[in-house]
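Only one structure is covered here, and it is reproduced in the block below.
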Amino acid sequence: MKDPLLITKEEILKFYKPVNPHTHKGLQGHAVIIAGSYGKIGAAVLASKSCLKSGCGLVTTYTPKCGYQILQISIPEVMVVTDENANFITNIHLPIQPQAIAIGPGIGKELGTQKAVFEFLRVNKTPLVLDADALNILAENQSWLELVPDNTILTPHPKELERLIGKWNSESEKFQKTIAFSEKYKVIIVMKGAPTYIINKNQIYENTTGNAALATAGSGDTLTGIITSFLAQGYEPKYAVKLGVFLHGLTADIALPQTGYQSFIASDIIENLGKAFLSLDH
Ligand SMILES: NC(=O)C1=CN([C@@H]2O[C@H](COP(=O)(O)OP(=O)(O)OC[C@H]3O[C@@H](n4cnc5c(N)ncnc54)[C@H](O)[C@@H]3O)[C@@H](O)[C@H]2O)[C@@H](O)CC1
Ligand SMILES: Nc1ncnc2c1ncn2[C@@H]1O[C@H](COP(=O)(O)OP(=O)(O)O)[C@@H](O)[C@H]1O
Ligand SMILES: [Mg+2]
């Protein structure tokens with residue numbers, strides 16, 4: 001295994017694009033977040049808000065009917081399109097053409113949702129981020145991975161990774177299997193953990209930000225929103241993941257002196273995104 005390349009501020013600044021003073025929301029990208037089910041609309045809220053708070057011009061969230069009021073009230077800036085089903089997603093129809101789509105946080109694994117994911121993957125050509133239950137559904141239907149566009153971004157935590165690639169007996173076997181998976185399906189894998197690694201075929205990158213404060217519900221859902229935002233803003237997938245993983249970790253490093261490890265929650269990631277961006281600008 002090659003030594004990982006470190007994702008540092010210096011590396012990020014090589015491709016980071018400051019916002020153009022003459023831009024407008026129509027140029028800042030439109031992202032769609034397909035997320036949520038009854039009891040897990042919070043995952044949709046966190047992913048959508050973090051997407052918007054990372055510079056995306058427009059965000060539309062696709063969610064079951066039970067998520068409608070929750071989303072509209074908790075994030076008025078986000079647009080909402082609902083499924084015909086009340087409690088979980090059954091038929092994904094998007095009345096817009098976004099620049100990036102995320103699917104998975106909180107969607108569950110109902111049979112109807114699995115069918116909707118298959119139909120969606122069959123027709124979708126838009127740059128994609130797959131997380132959480134979308135990964136669990138694909139782990140049980142591996143042939144569907146042939147349907148995803150090249151350079152699709154997968155963001156598994158260790159258990160989701162194990163469901164996708166099978167058990168490993170050593171760290172080096174984990175990396176070998178993840179690299180083989182990335183090469184087979186031509187996908188970029190964010191191996192979330194402490195630290196997080198990015199596997200892009202045989203390239204391995206190691207993140208240098210983040211701490212144990214991130215061990216809290218919803219912190220992965222916010223990472224999905226952040227990466228999807230950069231994808232929608234036109235970053236190539238290999239750069240969108242690096243920038244997303246780096247800034248996500250940086251929010252926890254910035255917040256730690258105020259929150260300590262214990263009282264940091266996923267909403268604090270969103271709250272500290274502004275300071276994380278500012279630290280890149282000087
Ligand atoms: N507020 C919300 O609506 C939330 C919704 N969530 C959604 O809930 C669904 C289930 O996700 P979960 O991830 O909780 O359930 P999973 O069953 O996918 O994962 C939980 C299992 O993974 C293991 N695991 C997780 N991180 C690990 C690590 N770093 N090292 C070793 N083992 C690790 C845990 O010990 C546990 O056994 C997803 O759709 C997710 O998006 C969660 O994100 C939590 C918050
Ligand atoms: N001890 C830790 N140190 C650094 N980062 C961590 C730690 N624990 C968790 N994280 C990060 O928090 C996120 C957790 O993602 P995930 O398990 O998908 O959360 P959820 O599904 O609840 O949103 C990942 O980005 C992971 O790297
Ligand atoms: Mg998760």
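In the structure tokens, the first chain shown is A, the next is B, and so on; residue numbers restart at 1 for each chain, and ligands run from 1 in the order shown.
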Show me which residues are within 10 Å of ligand 1 counting only C-alpha atoms and all ligand atoms, and format the list as a PyMOL selection string.
chain A and resi 35-47+103-109+131-136+156-163+191-196+214-222+224+266
Leaving out Lys174 of chain A and any residue of its chain fewer than 3 positions from it, which residues lie within 12 Å of it when counting only C-alpha atoms, given as an mmCIF file with N, CA, C and O atoms, in the first residue's frame?
```cif
data_model
loop_
_atom_site.group_PDB
_atom_site.id
_atom_site.type_symbol
_atom_site.label_atom_id
_atom_site.label_comp_id
_atom_site.auth_asym_id
_atom_site.auth_seq_id
_atom_site.Cartn_x
_atom_site.Cartn_y
_atom_site.Cartn_z
ATOM 1 N N MET A 1 0.848 -1.214 0.000
ATOM 2 C CA MET A 1 0.000 0.000 0.000
ATOM 3 C C MET A 1 0.876 1.254 0.000
ATOM 4 O O MET A 1 1.839 1.341 0.751
ATOM 5 N N PRO A 158 -17.580 2.800 9.036
ATOM 6 C CA PRO A 158 -16.979 1.443 8.977
ATOM 7 C C PRO A 158 -17.992 0.311 8.809
ATOM 8 O O PRO A 158 -17.735 -0.647 8.074
ATOM 9 N N LYS A 159 -19.164 0.433 9.456
ATOM 10 C CA LYS A 159 -20.147 -0.662 9.339
ATOM 11 C C LYS A 159 -20.733 -0.710 7.921
ATOM 12 O O LYS A 159 -20.929 -1.781 7.348
ATOM 13 N N LEU A 161 -19.219 0.335 5.269
ATOM 14 C CA LEU A 161 -18.136 -0.163 4.401
ATOM 15 C C LEU A 161 -18.083 -1.687 4.457
ATOM 16 O O LEU A 161 -17.972 -2.346 3.411
ATOM 17 N N GLU A 162 -18.208 -2.237 5.659
ATOM 18 C CA GLU A 162 -18.174 -3.707 5.806
ATOM 19 C C GLU A 162 -19.329 -4.357 5.040
ATOM 20 O O GLU A 162 -19.156 -5.393 4.404
ATOM 21 N N LEU A 164 -20.580 -3.270 2.367
ATOM 22 C CA LEU A 164 -20.286 -3.168 0.929
ATOM 23 C C LEU A 164 -19.176 -4.111 0.492
ATOM 24 O O LEU A 164 -19.272 -4.750 -0.563
ATOM 25 N N ILE A 165 -18.091 -4.179 1.281
ATOM 26 C CA ILE A 165 -16.900 -4.924 0.799
ATOM 27 C C ILE A 165 -16.674 -6.219 1.551
ATOM 28 O O ILE A 165 -15.780 -6.992 1.203
ATOM 29 N N GLY A 166 -17.444 -6.476 2.601
ATOM 30 C CA GLY A 166 -17.232 -7.687 3.403
ATOM 31 C C GLY A 166 -16.255 -7.419 4.540
ATOM 32 O O GLY A 166 -15.634 -6.352 4.602
ATOM 33 N N LYS A 167 -16.135 -8.393 5.435
ATOM 34 C CA LYS A 167 -15.258 -8.224 6.607
ATOM 35 C C LYS A 167 -13.796 -8.217 6.187
ATOM 36 O O LYS A 167 -13.433 -8.774 5.150
ATOM 37 N N TRP A 168 -12.951 -7.567 6.989
ATOM 38 C CA TRP A 168 -11.503 -7.582 6.775
ATOM 39 C C TRP A 168 -10.830 -8.081 8.049
ATOM 40 O O TRP A 168 -11.383 -7.992 9.136
ATOM 41 N N ASN A 169 -9.609 -8.609 7.866
ATOM 42 C CA ASN A 169 -8.870 -9.153 9.007
ATOM 43 C C ASN A 169 -7.752 -8.238 9.476
ATOM 44 O O ASN A 169 -7.145 -8.485 10.507
ATOM 45 N N SER A 170 -7.435 -7.221 8.680
ATOM 46 C CA SER A 170 -6.373 -6.280 9.084
ATOM 47 C C SER A 170 -6.653 -4.948 8.406
ATOM 48 O O SER A 170 -7.431 -4.876 7.442
ATOM 49 N N GLU A 171 -5.984 -3.913 8.898
ATOM 50 C CA GLU A 171 -6.123 -2.589 8.277
ATOM 51 C C GLU A 171 -5.697 -2.649 6.804
ATOM 52 O O GLU A 171 -6.347 -2.082 5.934
ATOM 53 N N LYS A 177 -9.180 -4.048 -0.056
ATOM 54 C CA LYS A 177 -10.539 -4.347 -0.535
ATOM 55 C C LYS A 177 -11.257 -3.067 -0.986
ATOM 56 O O LYS A 177 -12.023 -3.080 -1.952
ATOM 57 N N THR A 178 -11.001 -1.980 -0.275
ATOM 58 C CA THR A 178 -11.651 -0.712 -0.632
ATOM 59 C C THR A 178 -11.109 -0.190 -1.962
ATOM 60 O O THR A 178 -11.864 0.291 -2.816
ATOM 61 N N ILE A 179 -9.797 -0.327 -2.153
ATOM 62 C CA ILE A 179 -9.184 0.096 -3.428
ATOM 63 C C ILE A 179 -9.758 -0.756 -4.575
ATOM 64 O O ILE A 179 -10.136 -0.219 -5.629
ATOM 65 N N ALA A 180 -9.867 -2.056 -4.356
ATOM 66 C CA ALA A 180 -10.394 -2.954 -5.404
ATOM 67 C C ALA A 180 -11.836 -2.565 -5.750
ATOM 68 O O ALA A 180 -12.229 -2.543 -6.926
ATOM 69 N N PHE A 181 -12.627 -2.222 -4.725
ATOM 70 C CA PHE A 181 -14.021 -1.821 -4.927
ATOM 71 C C PHE A 181 -14.081 -0.509 -5.721
ATOM 72 O O PHE A 181 -14.864 -0.370 -6.678
ATOM 73 N N MET A 191 -13.783 6.840 3.300
ATOM 74 C CA MET A 191 -13.767 5.872 4.411
ATOM 75 C C MET A 191 -13.811 6.668 5.708
ATOM 76 O O MET A 191 -12.769 7.079 6.237
ATOM 77 N N TYR A 197 -10.241 8.625 5.488
ATOM 78 C CA TYR A 197 -9.410 8.458 4.287
ATOM 79 C C TYR A 197 -10.298 8.579 3.051
ATOM 80 O O TYR A 197 -11.480 8.192 3.088
ATOM 81 N N ILE A 199 -10.433 7.165 -0.812
ATOM 82 C CA ILE A 199 -9.848 6.188 -1.730
ATOM 83 C C ILE A 199 -10.390 6.470 -3.124
ATOM 84 O O ILE A 199 -11.602 6.362 -3.363
#
```
Please compute the atom CA of Ile75 of chain A-atom 22 (O, counted along the ligand's line) of ligand 2 distance, one decimal, in Å.
19.7 Å
If DSSP is run on the backbone, what residues of segment 89-278 of chain A are strand (DSSP E or B)? A reply as a PyMOL selection string would be ideal.
chain A and resi 100-103+128-130+153-154+188-191+197-200+203-207
Just want the 12 Å neighbourhood of Lys17 of chain A, counted on only C-alpha atoms, with same-chain residues fewer than 6 positions away dropped. Output as a VMD selection string.
chain A and resid 28 55 230 233 to 236 239 to 240 243 277 280 to 281
Create the file for the chosen residues now, containing C-alpha atoms and written as a PDB file, in the first residue's frame.
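Okay, part-v8.pdb is ready:
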```
ATOM      1  CA  GLN A  28     -23.692  28.747  -7.443  1.00  0.00           C
ATOM      2  CA  GLY A  55     -22.261  27.892  -0.699  1.00  0.00           C
ATOM      3  CA  PHE A 230     -19.203  21.456  -3.730  1.00  0.00           C
ATOM      4  CA  GLN A 233     -20.790  24.268  -7.427  1.00  0.00           C
ATOM      5  CA  GLY A 234     -18.723  22.643 -10.142  1.00  0.00           C
ATOM      6  CA  TYR A 235     -15.829  21.116  -8.229  1.00  0.00           C
ATOM      7  CA  GLU A 236     -14.715  17.848  -9.795  1.00  0.00           C
ATOM      8  CA  TYR A 239     -11.814  17.918  -5.239  1.00  0.00           C
ATOM      9  CA  ALA A 240     -15.364  18.114  -3.807  1.00  0.00           C
ATOM     10  CA  LEU A 243     -12.682  20.061   0.388  1.00  0.00           C
ATOM     11  CA  PHE A 277     -14.481  28.976   5.167  1.00  0.00           C
ATOM     12  CA  LEU A 280      -9.305  29.362   4.056  1.00  0.00           C
ATOM     13  CA  ASP A 281      -9.555  32.959   2.875  1.00  0.00           C
TER      14      ASP A 281
END
```
Mind checking DSSP for segment 75-201 of chain A and telling me the helix (DSSP H, G or I) residues as JSON, numbers by chain?
{"A": [111, 112, 113, 114, 115, 116, 117, 118, 119, 120, 121, 122, 123, 132, 133, 134, 135, 136, 137, 138, 139, 140, 142, 143, 144, 145, 146, 147, 158, 159, 160, 161, 162, 163, 164, 165, 171, 172, 173, 174, 175, 176, 177, 178, 179, 180, 181, 182, 183, 184, 185]}
Just want the 12 Å neighbourhood of segment 254-260 of chain A, counted on only C-alpha atoms, with same-chain residues fewer than 4 positions away dropped. Output as a short mmCIF file (atom, residue, chain, number, x, y, z; two decimals) with C-alpha atoms, in the first residue's frame.
```cif
data_model
loop_
_atom_site.label_atom_id
_atom_site.label_comp_id
_atom_site.auth_asym_id
_atom_site.auth_seq_id
_atom_site.Cartn_x
_atom_site.Cartn_y
_atom_site.Cartn_z
CA THR A 209 -8.80 17.82 10.50
CA GLY A 210 -11.54 16.62 12.87
CA ASN A 211 -11.70 15.15 16.34
CA ALA A 212 -13.85 12.93 18.57
CA ALA A 213 -16.48 15.68 18.97
CA LEU A 214 -17.74 14.43 15.57
CA LEU A 247 -13.91 21.65 6.13
CA HIS A 248 -16.24 19.23 7.97
CA GLY A 249 -13.38 18.24 10.30
CA LEU A 250 -12.24 21.84 10.63
CA PHE A 264 -20.78 19.33 20.27
CA ILE A 265 -23.70 18.19 18.08
CA ALA A 266 -24.15 17.95 14.31
CA SER A 267 -25.82 21.39 14.20
CA ASP A 268 -22.52 22.81 15.52
CA ILE A 269 -20.84 21.59 12.32
CA ILE A 270 -23.30 23.73 10.35
CA GLU A 271 -22.89 26.67 12.75
CA ASN A 272 -19.10 26.67 12.39
CA LEU A 273 -18.93 26.32 8.61
CA GLY A 274 -18.61 30.10 8.24
CA LYS A 275 -15.46 30.24 10.39
CA ALA A 276 -14.05 27.22 8.55
CA PHE A 277 -14.48 28.98 5.17
CA LEU A 278 -13.01 32.22 6.55
CA SER A 279 -9.90 30.36 7.70
#
```
Which residue of A:Glu173, A:Asp253, A:Asp83, A:Glu183 approaches ligand 2 most closely, using only C-alpha atoms and all ligand atoms
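Ranked by minimum distance to ligand 2, first place goes to A:Asp253.
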Which is closest to Asp150 of chain A among A:Gln69, A:Thr126, A:Asn20, A:Thr208, if we use only C-alpha atoms?
A:Thr126
